[in-house]
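Participant: query30.cif (mmCIF, C-alpha atoms and all ligand atoms; chains and numbers go by the auth columns) pasted underneath:
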data_run
loop_
_atom_site.group_PDB
_atom_site.id
_atom_site.type_symbol
_atom_site.label_atom_id
_atom_site.label_comp_id
_atom_site.label_asym_id
_atom_site.label_seq_id
_atom_site.Cartn_x
_atom_site.Cartn_y
_atom_site.Cartn_z
_atom_site.B_iso_or_equiv
_atom_site.auth_seq_id
_atom_site.auth_asym_id
ATOM 1 C CA MET A 1 64.041 13.248 65.690 0.00 911 B
ATOM 2 C CA THR A 2 67.051 12.934 63.353 0.00 912 B
ATOM 3 C CA GLU A 3 64.885 11.188 60.769 0.00 913 B
ATOM 4 C CA MET A 4 62.249 13.929 60.976 0.00 914 B
ATOM 5 C CA LEU A 5 64.949 16.528 60.451 0.00 915 B
ATOM 6 C CA PHE A 6 66.312 14.688 57.404 0.00 916 B
ATOM 7 C CA LYS A 7 62.847 14.297 55.901 0.00 917 B
ATOM 8 C CA ALA A 8 62.270 18.020 56.295 0.00 918 B
ATOM 9 C CA MET A 9 65.364 18.649 54.149 0.00 919 B
ATOM 10 C CA ARG A 10 63.808 18.294 50.726 0.00 920 B
ATOM 11 C CA SER A 11 65.980 20.102 48.199 0.00 921 B
ATOM 12 C CA PRO A 12 69.121 18.448 46.778 0.00 922 B
ATOM 13 C CA GLN A 13 71.167 21.389 48.098 0.00 923 B
ATOM 14 C CA GLU A 14 69.841 20.951 51.633 0.00 924 B
ATOM 15 C CA ARG A 15 70.427 17.224 51.451 0.00 925 B
ATOM 16 C CA ALA A 16 74.015 17.732 50.221 0.00 926 B
ATOM 17 C CA GLN A 17 74.689 20.254 53.004 0.00 927 B
ATOM 18 C CA LEU A 18 73.322 17.926 55.625 0.00 928 B
ATOM 19 C CA TYR A 19 75.317 15.037 54.184 0.00 929 B
ATOM 20 C CA SER A 20 78.461 17.114 54.423 0.00 930 B
ATOM 21 C CA LEU A 21 77.786 17.793 58.111 0.00 931 B
ATOM 22 C CA PHE A 22 77.071 14.118 58.662 0.00 932 B
ATOM 23 C CA GLN A 23 80.296 13.123 56.903 0.00 933 B
ATOM 24 C CA ASP A 24 82.359 15.512 59.026 0.00 934 B
ATOM 25 C CA ALA A 25 80.876 14.073 62.194 0.00 935 B
ATOM 26 C CA VAL A 26 81.658 10.478 61.186 0.00 936 B
ATOM 27 C CA LEU A 27 85.188 11.386 60.126 0.00 937 B
ATOM 28 C CA HIS A 28 85.891 12.479 63.718 0.00 938 B
ATOM 29 C CA CYS A 29 84.125 9.570 65.404 0.00 939 B
ATOM 30 C CA GLU A 30 85.793 7.859 68.358 0.00 940 B
ATOM 31 C CA ARG A 31 82.815 5.910 69.598 0.00 941 B
ATOM 32 C CA CYS A 32 84.563 2.538 69.498 0.00 942 B
ATOM 33 C CA GLY A 33 88.058 1.120 69.731 0.00 943 B
ATOM 34 C CA LEU A 34 88.459 0.819 65.967 0.00 944 B
ATOM 35 C CA CYS A 35 89.295 4.530 65.942 0.00 945 B
ATOM 36 C CA ARG A 36 92.677 3.655 67.485 0.00 946 B
ATOM 37 C CA THR A 37 93.799 1.357 64.649 0.00 947 B
ATOM 38 C CA ARG A 38 92.201 2.918 61.572 0.00 948 B
ATOM 39 C CA LYS A 39 94.063 5.096 59.089 0.00 949 B
ATOM 40 C CA ASN A 40 90.909 6.596 57.607 0.00 950 B
ATOM 41 C CA VAL A 41 87.211 6.522 58.370 0.00 951 B
ATOM 42 C CA VAL A 42 85.320 5.114 55.389 0.00 952 B
ATOM 43 C CA VAL A 43 81.955 6.834 55.483 0.00 953 B
ATOM 44 C CA GLY A 44 80.538 5.789 52.117 0.00 954 B
ATOM 45 C CA GLU A 45 80.200 7.243 48.628 0.00 955 B
ATOM 46 C CA GLY A 46 77.899 7.441 45.664 0.00 956 B
ATOM 47 C CA SER A 47 74.607 8.979 44.677 0.00 957 B
ATOM 48 C CA LEU A 48 72.755 10.894 47.374 0.00 958 B
ATOM 49 C CA THR A 49 69.594 10.957 45.270 0.00 959 B
ATOM 50 C CA ASN A 50 69.122 7.638 43.462 0.00 960 B
ATOM 51 C CA ARG A 51 67.853 5.881 46.569 0.00 961 B
ATOM 52 C CA ILE A 52 69.675 2.575 46.228 0.00 962 B
ATOM 53 C CA MET A 53 72.210 1.567 48.856 0.00 963 B
ATOM 54 C CA PHE A 54 74.689 -1.327 49.024 0.00 964 B
ATOM 55 C CA VAL A 55 75.855 -2.175 52.552 0.00 965 B
ATOM 56 C CA GLY A 56 78.898 -4.334 53.240 0.00 966 B
ATOM 57 C CA GLU A 57 80.583 -5.388 56.463 0.00 967 B
ATOM 58 C CA GLY A 58 83.504 -3.037 57.013 0.00 968 B
ATOM 59 C CA PRO A 59 86.488 -1.447 55.274 0.00 969 B
ATOM 60 C CA GLY A 60 89.430 -3.613 54.250 0.00 970 B
ATOM 61 C CA GLU A 61 93.073 -2.635 53.904 0.00 971 B
ATOM 62 C CA VAL A 62 92.804 -0.672 50.641 0.00 972 B
ATOM 63 C CA GLU A 63 89.667 1.072 51.865 0.00 973 B
ATOM 64 C CA ASP A 64 91.416 1.995 55.123 0.00 974 B
ATOM 65 C CA ASP A 65 94.347 3.385 53.117 0.00 975 B
ATOM 66 C CA THR A 66 92.166 5.437 50.776 0.00 976 B
ATOM 67 C CA GLY A 67 89.095 6.319 52.860 0.00 977 B
ATOM 68 C CA ARG A 68 86.850 4.964 50.085 0.00 978 B
ATOM 69 C CA PRO A 69 84.491 1.974 50.279 0.00 979 B
ATOM 70 C CA PHE A 70 84.862 -1.113 48.098 0.00 980 B
ATOM 71 C CA VAL A 71 87.936 -0.100 46.118 0.00 981 B
ATOM 72 C CA GLY A 72 90.122 -3.155 46.847 0.00 982 B
ATOM 73 C CA PRO A 73 89.861 -6.436 44.892 0.00 983 B
ATOM 74 C CA ALA A 74 86.375 -7.224 46.253 0.00 984 B
ATOM 75 C CA GLY A 75 85.247 -3.689 45.526 0.00 985 B
ATOM 76 C CA GLN A 76 86.561 -3.854 41.988 0.00 986 B
ATOM 77 C CA LEU A 77 84.553 -7.024 41.491 0.00 987 B
ATOM 78 C CA LEU A 78 81.456 -5.303 42.912 0.00 988 B
ATOM 79 C CA THR A 79 81.987 -2.452 40.457 0.00 989 B
ATOM 80 C CA ARG A 80 82.174 -4.928 37.558 0.00 990 B
ATOM 81 C CA ILE A 81 79.012 -6.687 38.747 0.00 991 B
ATOM 82 C CA LEU A 82 77.179 -3.364 38.984 0.00 992 B
ATOM 83 C CA GLU A 83 78.318 -2.289 35.535 0.00 993 B
ATOM 84 C CA ALA A 84 77.418 -5.619 33.970 0.00 994 B
ATOM 85 C CA ALA A 85 73.868 -5.152 35.259 0.00 995 B
ATOM 86 C CA GLY A 86 73.617 -1.631 33.859 0.00 996 B
ATOM 87 C CA PHE A 87 74.511 0.480 36.898 0.00 997 B
ATOM 88 C CA LYS A 88 77.288 3.006 36.929 0.00 998 B
ATOM 89 C CA ARG A 89 79.080 2.737 40.252 0.00 999 B
ATOM 90 C CA GLU A 90 78.456 6.397 41.037 0.00 1000 B
ATOM 91 C CA GLU A 91 74.708 5.888 40.544 0.00 1001 B
ATOM 92 C CA VAL A 92 74.433 3.798 43.704 0.00 1002 B
ATOM 93 C CA TYR A 93 75.492 4.581 47.257 0.00 1003 B
ATOM 94 C CA ILE A 94 77.954 2.183 48.890 0.00 1004 B
ATOM 95 C CA THR A 95 78.774 1.927 52.583 0.00 1005 B
ATOM 96 C CA ASN A 96 79.443 -0.576 55.372 0.00 1006 B
ATOM 97 C CA ILE A 97 78.031 -1.586 58.727 0.00 1007 B
ATOM 98 C CA VAL A 98 81.159 -0.279 60.508 0.00 1008 B
ATOM 99 C CA LYS A 99 83.039 2.697 59.123 0.00 1009 B
ATOM 100 C CA CYS A 100 86.534 1.815 60.376 0.00 1010 B
ATOM 101 C CA ARG A 101 88.621 -1.217 59.490 0.00 1011 B
ATOM 102 C CA PRO A 102 88.591 -4.106 61.968 0.00 1012 B
ATOM 103 C CA PRO A 103 92.267 -5.155 62.335 0.00 1013 B
ATOM 104 C CA GLY A 104 93.209 -8.044 60.066 0.00 1014 B
ATOM 105 C CA ASN A 105 89.803 -7.789 58.360 0.00 1015 B
ATOM 106 C CA ARG A 106 88.155 -9.688 61.211 0.00 1016 B
ATOM 107 C CA VAL A 107 84.380 -9.629 61.548 0.00 1017 B
ATOM 108 C CA PRO A 108 83.335 -6.552 63.565 0.00 1018 B
ATOM 109 C CA GLU A 109 82.515 -7.278 67.196 0.00 1019 B
ATOM 110 C CA ILE A 110 78.967 -6.741 68.433 0.00 1020 B
ATOM 111 C CA GLU A 111 80.085 -3.836 70.621 0.00 1021 B
ATOM 112 C CA GLU A 112 81.626 -2.115 67.566 0.00 1022 B
ATOM 113 C CA VAL A 113 78.514 -2.671 65.475 0.00 1023 B
ATOM 114 C CA LEU A 114 76.278 -1.315 68.230 0.00 1024 B
ATOM 115 C CA ARG A 115 78.417 1.790 68.681 0.00 1025 B
ATOM 116 C CA CYS A 116 78.568 2.427 64.912 0.00 1026 B
ATOM 117 C CA GLN A 117 74.979 1.646 63.961 0.00 1027 B
ATOM 118 C CA GLY A 118 73.743 5.173 64.664 0.00 1028 B
ATOM 119 C CA TRP A 119 75.781 6.365 61.687 0.00 1029 B
ATOM 120 C CA LEU A 120 74.161 3.841 59.372 0.00 1030 B
ATOM 121 C CA GLU A 121 70.730 4.748 60.736 0.00 1031 B
ATOM 122 C CA ALA A 122 71.484 8.395 59.975 0.00 1032 B
ATOM 123 C CA GLN A 123 72.725 7.532 56.465 0.00 1033 B
ATOM 124 C CA ILE A 124 69.519 5.656 55.735 0.00 1034 B
ATOM 125 C CA ALA A 125 67.379 8.483 57.118 0.00 1035 B
ATOM 126 C CA LEU A 126 69.286 10.987 55.019 0.00 1036 B
ATOM 127 C CA LEU A 127 69.390 9.069 51.728 0.00 1037 B
ATOM 128 C CA ARG A 128 65.939 7.443 52.084 0.00 1038 B
ATOM 129 C CA PRO A 129 66.800 4.379 49.942 0.00 1039 B
ATOM 130 C CA GLN A 130 64.002 2.495 48.245 0.00 1040 B
ATOM 131 C CA ILE A 131 66.322 -0.493 47.807 0.00 1041 B
ATOM 132 C CA ILE A 132 68.987 -1.787 50.181 0.00 1042 B
ATOM 133 C CA VAL A 133 71.328 -4.613 49.186 0.00 1043 B
ATOM 134 C CA ALA A 134 72.891 -6.384 52.169 0.00 1044 B
ATOM 135 C CA LEU A 135 76.264 -7.799 51.113 0.00 1045 B
ATOM 136 C CA GLY A 136 77.080 -10.902 53.146 0.00 1046 B
ATOM 137 C CA ASN A 137 76.291 -12.151 56.608 0.00 1047 B
ATOM 138 C CA THR A 138 77.128 -9.127 58.767 0.00 1048 B
ATOM 139 C CA PRO A 139 74.622 -6.720 57.173 0.00 1049 B
ATOM 140 C CA LEU A 140 72.151 -9.587 56.789 0.00 1050 B
ATOM 141 C CA LYS A 141 72.244 -10.091 60.575 0.00 1051 B
ATOM 142 C CA TRP A 142 72.020 -6.382 61.322 0.00 1052 B
ATOM 143 C CA PHE A 143 69.043 -5.707 59.079 0.00 1053 B
ATOM 144 C CA LEU A 144 67.027 -8.886 59.451 0.00 1054 B
ATOM 145 C CA HIS A 145 68.366 -10.346 62.724 0.00 1055 B
ATOM 146 C CA SER A 146 68.705 -13.490 60.681 0.00 1056 B
ATOM 147 C CA THR A 147 70.829 -16.471 61.588 0.00 1057 B
ATOM 148 C CA GLY A 148 69.765 -18.221 58.368 0.00 1058 B
ATOM 149 C CA GLY A 149 73.029 -17.375 56.617 0.00 1059 B
ATOM 150 C CA ILE A 150 73.572 -15.589 53.334 0.00 1060 B
ATOM 151 C CA THR A 151 73.467 -18.783 51.242 0.00 1061 B
ATOM 152 C CA LYS A 152 69.876 -19.439 52.307 0.00 1062 B
ATOM 153 C CA MET A 153 68.669 -15.851 52.408 0.00 1063 B
ATOM 154 C CA ARG A 154 70.217 -14.336 49.280 0.00 1064 B
ATOM 155 C CA GLY A 155 68.125 -13.630 46.229 0.00 1065 B
ATOM 156 C CA ARG A 156 64.883 -12.989 48.125 0.00 1066 B
ATOM 157 C CA TRP A 157 63.167 -9.686 48.704 0.00 1067 B
ATOM 158 C CA PHE A 158 62.432 -8.663 52.267 0.00 1068 B
ATOM 159 C CA THR A 159 60.818 -5.515 53.581 0.00 1069 B
ATOM 160 C CA TRP A 160 62.784 -3.620 56.207 0.00 1070 B
ATOM 161 C CA ARG A 161 61.065 -0.525 57.612 0.00 1071 B
ATOM 162 C CA GLY A 162 59.125 -0.228 54.360 0.00 1072 B
ATOM 163 C CA ILE A 163 62.294 -0.517 52.218 0.00 1073 B
ATOM 164 C CA SER A 164 62.876 -3.353 49.712 0.00 1074 B
ATOM 165 C CA LEU A 165 65.908 -5.282 50.916 0.00 1075 B
ATOM 166 C CA MET A 166 67.765 -8.088 49.192 0.00 1076 B
ATOM 167 C CA PRO A 167 70.687 -10.038 50.681 0.00 1077 B
ATOM 168 C CA MET A 168 73.417 -10.848 48.142 0.00 1078 B
ATOM 169 C CA PHE A 169 76.781 -12.600 48.433 0.00 1079 B
ATOM 170 C CA HIS A 170 79.642 -10.338 49.477 0.00 1080 B
ATOM 171 C CA PRO A 171 82.068 -9.976 46.533 0.00 1081 B
ATOM 172 C CA SER A 172 84.953 -11.217 48.707 0.00 1082 B
ATOM 173 C CA TYR A 173 83.104 -14.545 48.929 0.00 1083 B
ATOM 174 C CA LEU A 174 82.892 -14.613 45.140 0.00 1084 B
ATOM 175 C CA LEU A 175 86.644 -14.035 44.920 0.00 1085 B
ATOM 176 C CA ARG A 176 87.162 -17.138 47.041 0.00 1086 B
ATOM 177 C CA ASN A 177 84.713 -19.176 44.961 0.00 1087 B
ATOM 178 C CA GLU A 178 85.758 -18.945 41.354 0.00 1088 B
ATOM 179 C CA SER A 179 83.301 -21.529 40.019 0.00 1089 B
ATOM 180 C CA ARG A 180 81.168 -20.254 37.157 0.00 1090 B
ATOM 181 C CA GLU A 181 78.924 -23.313 37.093 0.00 1091 B
ATOM 182 C CA LYS A 182 75.164 -22.917 36.912 0.00 1092 B
ATOM 183 C CA GLY A 183 73.784 -22.550 40.421 0.00 1093 B
ATOM 184 C CA GLY A 184 77.211 -21.537 41.785 0.00 1094 B
ATOM 185 C CA PRO A 185 77.779 -18.291 43.753 0.00 1095 B
ATOM 186 C CA LYS A 186 78.697 -16.227 40.685 0.00 1096 B
ATOM 187 C CA ASP A 187 75.731 -17.455 38.683 0.00 1097 B
ATOM 188 C CA LEU A 188 73.381 -16.774 41.624 0.00 1098 B
ATOM 189 C CA THR A 189 74.852 -13.311 42.134 0.00 1099 B
ATOM 190 C CA TRP A 190 74.350 -12.505 38.476 0.00 1100 B
ATOM 191 C CA ARG A 191 70.681 -13.462 38.848 0.00 1101 B
ATOM 192 C CA ASP A 192 70.397 -11.378 42.043 0.00 1102 B
ATOM 193 C CA ILE A 193 71.894 -8.227 40.586 0.00 1103 B
ATOM 194 C CA GLN A 194 69.629 -8.472 37.543 0.00 1104 B
ATOM 195 C CA GLU A 195 66.621 -8.792 39.871 0.00 1105 B
ATOM 196 C CA ILE A 196 67.851 -5.756 41.808 0.00 1106 B
ATOM 197 C CA ARG A 197 68.313 -3.827 38.576 0.00 1107 B
ATOM 198 C CA ALA A 198 64.791 -4.721 37.442 0.00 1108 B
ATOM 199 C CA ARG A 199 63.299 -3.579 40.774 0.00 1109 B
ATOM 200 C CA TYR A 200 65.331 -0.382 40.622 0.00 1110 B
ATOM 201 C CA MET A 201 64.216 0.407 37.082 0.00 1111 B
ATOM 202 C CA SER A 202 60.628 -0.318 37.956 0.00 1112 B
ATOM 203 C CA LEU A 203 60.854 2.065 40.935 0.00 1113 B
ATOM 204 C CA GLN A 204 62.413 4.676 38.690 0.00 1114 B
ATOM 205 C CA GLY A 205 59.455 4.279 36.318 0.00 1115 B
ATOM 206 C CA LYS A 206 61.839 3.814 33.420 0.00 1116 B
ATOM 207 C CA ASN A 207 62.667 1.004 31.032 0.00 1117 B
ATOM 208 C CA ASP A 208 66.038 -0.678 31.255 0.00 1118 B
ATOM 209 C CA GLY A 209 68.594 0.762 28.872 0.00 1119 B
ATOM 210 C CA THR A 210 67.621 4.365 29.525 0.00 1120 B
ATOM 211 C CA THR A 211 69.780 6.884 31.334 0.00 1121 B
ATOM 212 C CA VAL A 212 69.176 6.806 35.082 0.00 1122 B
HETATM 213 S S1 LIG B . 83.769 2.003 63.587 0.00 1201 T
HETATM 214 FE FE1 LIG B . 82.082 3.462 63.712 0.00 1201 T
HETATM 215 S S2 LIG B . 81.751 3.783 65.903 0.00 1201 T
HETATM 216 FE FE2 LIG B . 83.806 2.880 65.666 0.00 1201 T
HETATM 217 S S3 LIG B . 85.161 4.665 65.573 0.00 1201 T
HETATM 218 FE FE3 LIG B . 84.645 4.085 63.454 0.00 1201 T
HETATM 219 S S4 LIG B . 82.894 5.374 62.912 0.00 1201 T
HETATM 220 FE FE4 LIG B . 83.089 5.421 65.146 0.00 1201 T
#
Just give me the structure as structure tokens.
Ligand code: SF4

Facilitator:
Amino acid sequence: MTEMLFKAMRSPQERAQLYSLFQDAVLHCERCGLCRTRKNVVVGEGSLTNRIMFVGEGPGEVEDDTGRPFVGPAGQLLTRILEAAGFKREEVYITNIVKCRPPGNRVPEIEEVLRCQGWLEAQIALLRPQIIVALGNTPLKWFLHSTGGITKMRGRWFTWRGISLMPMFHPSYLLRNESREKGGPKDLTWRDIQEIRARYMSLQGKNDGTTV
């Protein structure tokens, strides 16, 4: 029903209005216990129209402080990776599986993910991404129910509900693995983001190097 409603909202103005309502609802959410320890709800940010979405695990400390996704050290690295591939950060939409920080940056519990997933479902219905990038194991498990692990699954295209989906290393993993050797995590991520960029440009019907 929610998805049908979102699809009926065709103009950018209607979509922006609906997004604003959605954002307000998430900002007041108390569906799980993380609402008791968060400072800010981190809903997500970026383009509502470019139809490419990056999904991480959950907000960290800096994100909790600011209410913005991926702005701490890992987020800054993600921004650099995006820009190196030709994206401006504001051209993509960035969010997380859970919208409130798990204390101590622990992995979100299943109960928390289940209670929060309706928000992500609504975000996807609203933004109608053509490409989703799953950053790390938590979104990989949520989208693909995969226990294969990000190292095995990254760099391959999957189809999730008709949407092209690629798992990629979470930037926090790259911060812990500094190696730049060929075949290392950074090298593989560079290949993955270029593949994502190529798919994005092909879906846009434009050649790389043009304004998106
Ligand atoms: S993590 Fe999700 S479900 Fe839990 S309080 Fe925050 S927005 Fe609500």

Participant: Run the PyMOL selection byres (((not hetatm)) within 6 of (chain T and resi 1201)) on the file and write out the hits as an mmCIF file with C-alpha atoms, in the coordinates of the input.

Facilitator:
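Heads up, here's the output in selection12.cif:
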data_model
loop_
_atom_site.group_PDB
_atom_site.id
_atom_site.type_symbol
_atom_site.label_atom_id
_atom_site.label_comp_id
_atom_site.auth_asym_id
_atom_site.auth_seq_id
_atom_site.Cartn_x
_atom_site.Cartn_y
_atom_site.Cartn_z
ATOM 1 C CA VAL B 936 81.658 10.478 61.186
ATOM 2 C CA CYS B 939 84.125 9.570 65.404
ATOM 3 C CA GLU B 940 85.793 7.859 68.358
ATOM 4 C CA ARG B 941 82.815 5.910 69.598
ATOM 5 C CA CYS B 942 84.563 2.538 69.498
ATOM 6 C CA LEU B 944 88.459 0.819 65.967
ATOM 7 C CA CYS B 945 89.295 4.530 65.942
ATOM 8 C CA VAL B 1008 81.159 -0.279 60.508
ATOM 9 C CA LYS B 1009 83.039 2.697 59.123
ATOM 10 C CA CYS B 1010 86.534 1.815 60.376
ATOM 11 C CA GLU B 1022 81.626 -2.115 67.566
ATOM 12 C CA ARG B 1025 78.417 1.790 68.681
ATOM 13 C CA CYS B 1026 78.568 2.427 64.912
#

Participant: Assuming the chain letters and numbering stay as they are in my file, what does the PyMOL selection byres (((chain B and resi 926) around 12) and not hetatm) actually select? List them as a count of residues only.

Facilitator: 21

Participant: Just the number, please: distance in Å from atom CA of B:Glu993 to atom CA of B:Leu1050, one decimal.

Facilitator: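 Rounded to one decimal, the two atoms are 23.3 Å apart.
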
Participant: Report, in Å to a single decimal, how far apart atom CA of B:Glu971 and atom CA of B:Gly954 are.

Facilitator: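 Between atom CA of B:Gly954 and atom CA of B:Glu971 the gap works out to 15.2 Å.
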
Participant: Point out the residue among B:Gly996, B:Pro979, B:Gly1072, B:Pro969 with the least atom-to-atom distance to B:Ile1041, counting all atoms listed in the file.

Facilitator: B:Gly1072

Participant: Applying the PyMOL selection byres (((chain B and resi 972) around 12) and not hetatm) to the file I just gave you, which residues come out? Please list them as a VMD selection string.

Facilitator: chain B and resid 948 to 952 968 to 971 973 to 986 1010 to 1011 1014 to 1015

Participant: As AutoDock Vina command-line options, what would the box around stretch 1100-1115 of chain B look like: edges along x, y and z, 5 Å added on every side, centre and edge lengths in Å to one decimal?

Facilitator:
--center_x 66.9 --center_y -4.4 --center_z 39.2 --size_x 24.9 --size_y 28.1 --size_z 15.7

Participant: Please list as a VMD selection string every residue within 12 Å of B:Leu1113, counting all atoms listed in the file and excluding residues in the same chain fewer than 6 positions away.

Facilitator: chain B and resid 960 to 962 1039 to 1041 1073 to 1074 1106 to 1107 1122

Participant: Tell me which of B:Ser1082, B:Asn1087, B:Ser1112, B:Gln1104 sits closest to B:Leu988, counting all atoms listed in the file.

Facilitator: B:Ser1082

Participant: Return the single residue from B:Val953, B:Ile1034, B:Ile991, B:Ala1044 that is closest to B:Glu967, with distances computed using all atoms listed in the file.

Facilitator: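 The shortest atom-to-atom distance to B:Glu967 comes from B:Ala1044.
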
Participant: Between atom CA of B:Leu1054 and atom CA of B:Trp1070, what is the distance in Å, rounded to a tenth?

Facilitator: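 So the two atoms, atom CA of B:Leu1054 and atom CA of B:Trp1070, lie 7.5 Å apart.
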
Participant: Identify, on the basis of only C-alpha atoms, every residue whose closest approach to B:Val1043 does not exceed 8 Å; exclude the query and any residue fewer than 3 positions from it along the same chain; express the result as a PyMOL selection string.

Facilitator: chain B and resi 962-965+1075-1078

Participant: Using all atoms listed in the file for the distances, tell me which of B:Glu1031, B:Asp1102, B:Glu1001, B:Glu1019 is nearest to B:Met1063.

Facilitator: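 Ranking B:Glu1031, B:Asp1102, B:Glu1001, B:Glu1019 by distance to B:Met1063, first place goes to B:Asp1102.
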
Participant: Kindly indicate which residue among B:Trp1029, B:Ala935, B:Pro1013, B:Val1002 lies nearest to B:Tyr1110, using all atoms listed in the file for the distances.

Facilitator: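 Looking only at the distances to B:Tyr1110, the closest residue turns out to be B:Val1002.
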
Participant: Residues within 12 Å of (71.1, -20.2, 52.7), file coordinates, counting all atoms listed in the file: what are they? Give the list as a VMD selection string.

Facilitator: chain B and resid 1046 to 1047 1050 1056 to 1066 1077 to 1079 1095 1098

Participant: Emit the selected residues as a JSON list (two decimals), in the coordinates of the input, including C-alpha atoms.

Facilitator:
[["chain", "number", "residue", "atom", "x", "y", "z"],
["B", 1046, "GLY", "CA", 77.08, -10.90, 53.15],
["B", 1047, "ASN", "CA", 76.29, -12.15, 56.61],
["B", 1050, "LEU", "CA", 72.15, -9.59, 56.79],
["B", 1056, "SER", "CA", 68.70, -13.49, 60.68],
["B", 1057, "THR", "CA", 70.83, -16.47, 61.59],
["B", 1058, "GLY", "CA", 69.76, -18.22, 58.37],
["B", 1059, "GLY", "CA", 73.03, -17.38, 56.62],
["B", 1060, "ILE", "CA", 73.57, -15.59, 53.33],
["B", 1061, "THR", "CA", 73.47, -18.78, 51.24],
["B", 1062, "LYS", "CA", 69.88, -19.44, 52.31],
["B", 1063, "MET", "CA", 68.67, -15.85, 52.41],
["B", 1064, "ARG", "CA", 70.22, -14.34, 49.28],
["B", 1065, "GLY", "CA", 68.12, -13.63, 46.23],
["B", 1066, "ARG", "CA", 64.88, -12.99, 48.12],
["B", 1077, "PRO", "CA", 70.69, -10.04, 50.68],
["B", 1078, "MET", "CA", 73.42, -10.85, 48.14],
["B", 1079, "PHE", "CA", 76.78, -12.60, 48.43],
["B", 1095, "PRO", "CA", 77.78, -18.29, 43.75],
["B", 1098, "LEU", "CA", 73.38, -16.77, 41.62]]

Participant: Which one of B:Glu1021, B:Leu1084, B:Ile1004, B:Lys1051 sits closest to B:Gln1033 if you count all atoms listed in the file?

Facilitator: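 Of B:Glu1021, B:Leu1084, B:Ile1004, B:Lys1051, the one nearest B:Gln1033, counting all atoms listed in the file, is B:Ile1004.
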
Participant: Output stretch 1074-1086 of chain B as an mmCIF file, in the coordinates of the input, making sure N, CA, C and O atoms are there.

Facilitator:
data_model
loop_
_atom_site.group_PDB
_atom_site.id
_atom_site.type_symbol
_atom_site.label_atom_id
_atom_site.label_comp_id
_atom_site.auth_asym_id
_atom_site.auth_seq_id
_atom_site.Cartn_x
_atom_site.Cartn_y
_atom_site.Cartn_z
ATOM 1 N N SER B 1074 62.568 -2.055 50.319
ATOM 2 C CA SER B 1074 62.876 -3.353 49.712
ATOM 3 C C SER B 1074 64.329 -3.708 49.998
ATOM 4 O O SER B 1074 65.225 -2.910 49.717
ATOM 5 N N LEU B 1075 64.537 -4.880 50.545
ATOM 6 C CA LEU B 1075 65.908 -5.282 50.916
ATOM 7 C C LEU B 1075 66.205 -6.666 50.354
ATOM 8 O O LEU B 1075 65.400 -7.581 50.520
ATOM 9 N N MET B 1076 67.335 -6.774 49.665
ATOM 10 C CA MET B 1076 67.765 -8.088 49.192
ATOM 11 C C MET B 1076 69.164 -8.410 49.710
ATOM 12 O O MET B 1076 70.095 -7.634 49.511
ATOM 13 N N PRO B 1077 69.333 -9.573 50.354
ATOM 14 C CA PRO B 1077 70.687 -10.038 50.681
ATOM 15 C C PRO B 1077 71.354 -10.614 49.429
ATOM 16 O O PRO B 1077 70.706 -11.279 48.616
ATOM 17 N N MET B 1078 72.634 -10.340 49.287
ATOM 18 C CA MET B 1078 73.417 -10.848 48.142
ATOM 19 C C MET B 1078 74.789 -11.284 48.684
ATOM 20 O O MET B 1078 75.241 -10.759 49.693
ATOM 21 N N PHE B 1079 75.437 -12.201 48.001
ATOM 22 C CA PHE B 1079 76.781 -12.600 48.433
ATOM 23 C C PHE B 1079 77.713 -11.390 48.459
ATOM 24 O O PHE B 1079 77.653 -10.535 47.567
ATOM 25 N N HIS B 1080 78.600 -11.364 49.455
ATOM 26 C CA HIS B 1080 79.642 -10.338 49.477
ATOM 27 C C HIS B 1080 80.638 -10.659 48.367
ATOM 28 O O HIS B 1080 80.985 -11.833 48.156
ATOM 29 N N PRO B 1081 81.132 -9.661 47.631
ATOM 30 C CA PRO B 1081 82.068 -9.976 46.533
ATOM 31 C C PRO B 1081 83.334 -10.679 46.993
ATOM 32 O O PRO B 1081 83.956 -11.403 46.207
ATOM 33 N N SER B 1082 83.750 -10.501 48.248
ATOM 34 C CA SER B 1082 84.953 -11.217 48.707
ATOM 35 C C SER B 1082 84.694 -12.725 48.725
ATOM 36 O O SER B 1082 85.604 -13.521 48.486
ATOM 37 N N TYR B 1083 83.457 -13.118 48.987
ATOM 38 C CA TYR B 1083 83.104 -14.545 48.929
ATOM 39 C C TYR B 1083 83.218 -15.052 47.494
ATOM 40 O O TYR B 1083 83.712 -16.155 47.249
ATOM 41 N N LEU B 1084 82.802 -14.212 46.560
ATOM 42 C CA LEU B 1084 82.892 -14.613 45.140
ATOM 43 C C LEU B 1084 84.340 -14.756 44.704
ATOM 44 O O LEU B 1084 84.676 -15.614 43.889
ATOM 45 N N LEU B 1085 85.220 -13.918 45.262
ATOM 46 C CA LEU B 1085 86.644 -14.035 44.920
ATOM 47 C C LEU B 1085 87.225 -15.354 45.408
ATOM 48 O O LEU B 1085 88.166 -15.894 44.826
ATOM 49 N N ARG B 1086 86.666 -15.864 46.501
ATOM 50 C CA ARG B 1086 87.162 -17.138 47.041
ATOM 51 C C ARG B 1086 86.491 -18.344 46.375
ATOM 52 O O ARG B 1086 86.886 -19.476 46.616
#
